Structures are given as structure tokens and as C-alpha cells.
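One structure is given below, encoded as C-alpha cells.
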Amino acid sequence: MVGVSDDRPPEESPANTADPTTASAPPQRLRALLVLAAVVFGLDLLTKTLAVAKLTPGEPVSIVGDFARLSLVRNPGAAFSMATGMTWLLTLVAAAVVIGVVRIGRTLRSLWWAIGLGMVLGGALGNLVDRLFRAPGPLQGHVVDFVAIGWWPVFNVADSAIVCGAILLVVLTVFGFEPNGTRVGHGKTGGASEGSAA
């Protein structure tokens, strides 16, 4: 008796029916985004804790003459002391930024977008924690700033990460790099160009 073969034609094999666009798509980058955000958040929290413990308000510590100093300031406003009378609104905005970045990150495939968004997320979390848990109270907490460079307003690690991440995202947008790993007008970036471009 002749046995019945269970072999399927090659075109019906699961290995050959995979979507070619899915197989060649860059990997998702949510993990990279979250790891970078955690590093930025941890560094921001550590430096703020040290600043509060070691610095005295009104008594700056010189690093490079009068150009670079450590100066403890409690900031009720946004980055670089802007919008000082809208602390509660800034808290809600920071929370919305965190939620938005995480939602975008779930489908993210560009490494450079992951870096930019990770910096923004880590910085937003750092300042959000200050607004939620520092005096004078929830939603109105003052952010700890301690880095003074020249005429620039006093800032912290979170502020720097937010600004640098935002600049990177603007540059990526201007040059057509998309969060999904493609580039406008260039089709799919592929694995190699993704690693070297976006």
C-alpha cells in the first residue's frame, strides 16, 4: 500500500508564505527607547539628589570661573525657567508627553528615533517626578536645577535630554527619516541603512 505524503508544495510552506515586507523590516526599538529613558531618568535623579544634598541656594560653586557653575535653584516653571506661573499645567503636559512617547514607541523601528524619544521620555519623567513629589506639593512641585553655563538659565540633566532629544527628532524629520524605519522618497531603509541612518 502506498503511503500518503503530507509534504506540501514549497509555495504553501509556512516558511515561504511569510510576508517579505515583514521579514525585511527593521526590528522594533521600544526596548532601546525604554533603556535609554531609564538611564536618563536615573542620571537625572542621582544628580538632583546630590545637588540638594551638597549645594546651598544662593551659594554657587565655580567649575570654570564665572562661566560654568553649580547653583541650586528651585524652578516652578518649564525647562530653563520658562512659564513659572503654570506649574500644574506643565505637570499635565509632562504626563501627556510620557504617555504619547510610550504609545509611539510601541511601533517604533528607527534606532535614531528611539534615541531621540528615549531622551525626551527620560527627561520628561525626571522633571515630572519633581513636580509630583517635591515641595510645595503634588502637581505644583518645583524642579531642581543646578547647572549654570554663562548667561544661560540654570538647568538640569532632564532639561538637557529633552532639548537634545527634541533637536534630534527635528533633524530626523527635516531629512525625511520616519519612525517606522523608512525615509521619505527612499522606500525602505533596510537593515544596513537603518543602522547607519535612521
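As shown in the C-alpha cells, the chain order sets the letters A, B, ...; within each chain, residues go from 1, and ligands are also counted from 1 in the order they appear.
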
At a cut-off of 7 Å, can you tabulate as CSV every residue of stretch 91-142 of chain A near stretch 153-170 of chain A together with its closest atom pair and the distance in Å to one decimal, using only C-alpha atoms and ordering rows by chain then number?
residue,atom,partner,partner_atom,distance
A:Trp113,CA,A:Leu169,CA,6.5
A:Gly116,CA,A:Gly165,CA,4.2
A:Leu117,CA,A:Gly165,CA,6.3
A:Met119,CA,A:Ala161,CA,5.1
A:Val120,CA,A:Ile162,CA,4.3
A:Gly122,CA,A:Ala158,CA,7.0
A:Gly123,CA,A:Ala158,CA,3.8
A:Ala124,CA,A:Ala158,CA,6.8
A:Gly126,CA,A:Ala158,CA,5.8
A:Asn127,CA,A:Ala158,CA,6.5

Q: Give me every strand (DSSP E or B) residue in stretch 6-184 of chain A, going by DSSP on the backbone, as an NGL selection string.
A: :A and (56 or 59 or 61-64 or 68-75 or 143-149 or 155 or 177 or 182-183)

From the list A:Val64, A:Leu30, A:Leu92, A:Leu45, the nearest residue to A:Ile104 using only C-alpha atoms is A:Leu30

What's around stretch 53-61 of chain A at 8 Å? Count only C-alpha atoms, leave out sequence neighbours fewer than 5 positions away in its own chain, and write the answer as a ChimeraX atom specification. /A:69-73

Restricting the output to C-alpha atoms, write the selected residues as a CSV table (one decimal), in the first residue's frame.
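Wrote selection_28.csv, looks like this:
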chain,number,residue,atom,x,y,z
A,69,ARG,CA,28.9,77.0,37.9
A,70,LEU,CA,26.8,74.7,40.1
A,71,SER,CA,24.0,76.7,41.5
A,72,LEU,CA,21.0,75.2,43.3
A,73,VAL,CA,17.6,76.7,42.1

Can you work out the spacing between atom CA of A:Leu111 and atom CA of A:Asn180 in Å, to one decimal?
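Computing it gives 9.6 Å between the two atoms.
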
A straight line from atom CA of A:Ile115 to atom CA of A:Leu36 spans 7.0 Å

- request: Point out the residue among A:Ala148, A:Leu33, A:Leu108, A:Val97 with the least atom-to-atom distance to A:Thr182, counting only C-alpha atoms.
  value: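 Nearest candidate to A:Thr182 out of A:Ala148, A:Leu33, A:Leu108, A:Val97: A:Leu108.
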
Discussion item. Show me, as a list in words, the residues that have an atom within 12 Å of A:Trp151 when counting only C-alpha atoms, minus same-chain residues fewer than 5 positions from it.
Written reply: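 Counting only the stated atoms, we get Asp66, Phe67, Ala68, Arg69 and Phe80 of chain A.
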
Writer output for current selection, C-alpha atoms, as a JSON list (two decimals), in the first residue's frame:
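Dumped everything to result-v3.json:
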[["chain", "number", "residue", "atom", "x", "y", "z"],
["A", 66, "ASP", "CA", 32.19, 82.51, 36.30],
["A", 67, "PHE", "CA", 31.35, 80.71, 33.05],
["A", 68, "ALA", "CA", 30.37, 77.29, 34.46],
["A", 69, "ARG", "CA", 28.91, 76.96, 37.95],
["A", 80, "PHE", "CA", 15.21, 76.91, 31.58]]

Which of these residues is nearest to A:Phe177, using only C-alpha atoms: A:Gly150, A:Arg134, A:Arg109, A:Ser62?
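Closest candidate: A:Arg109.
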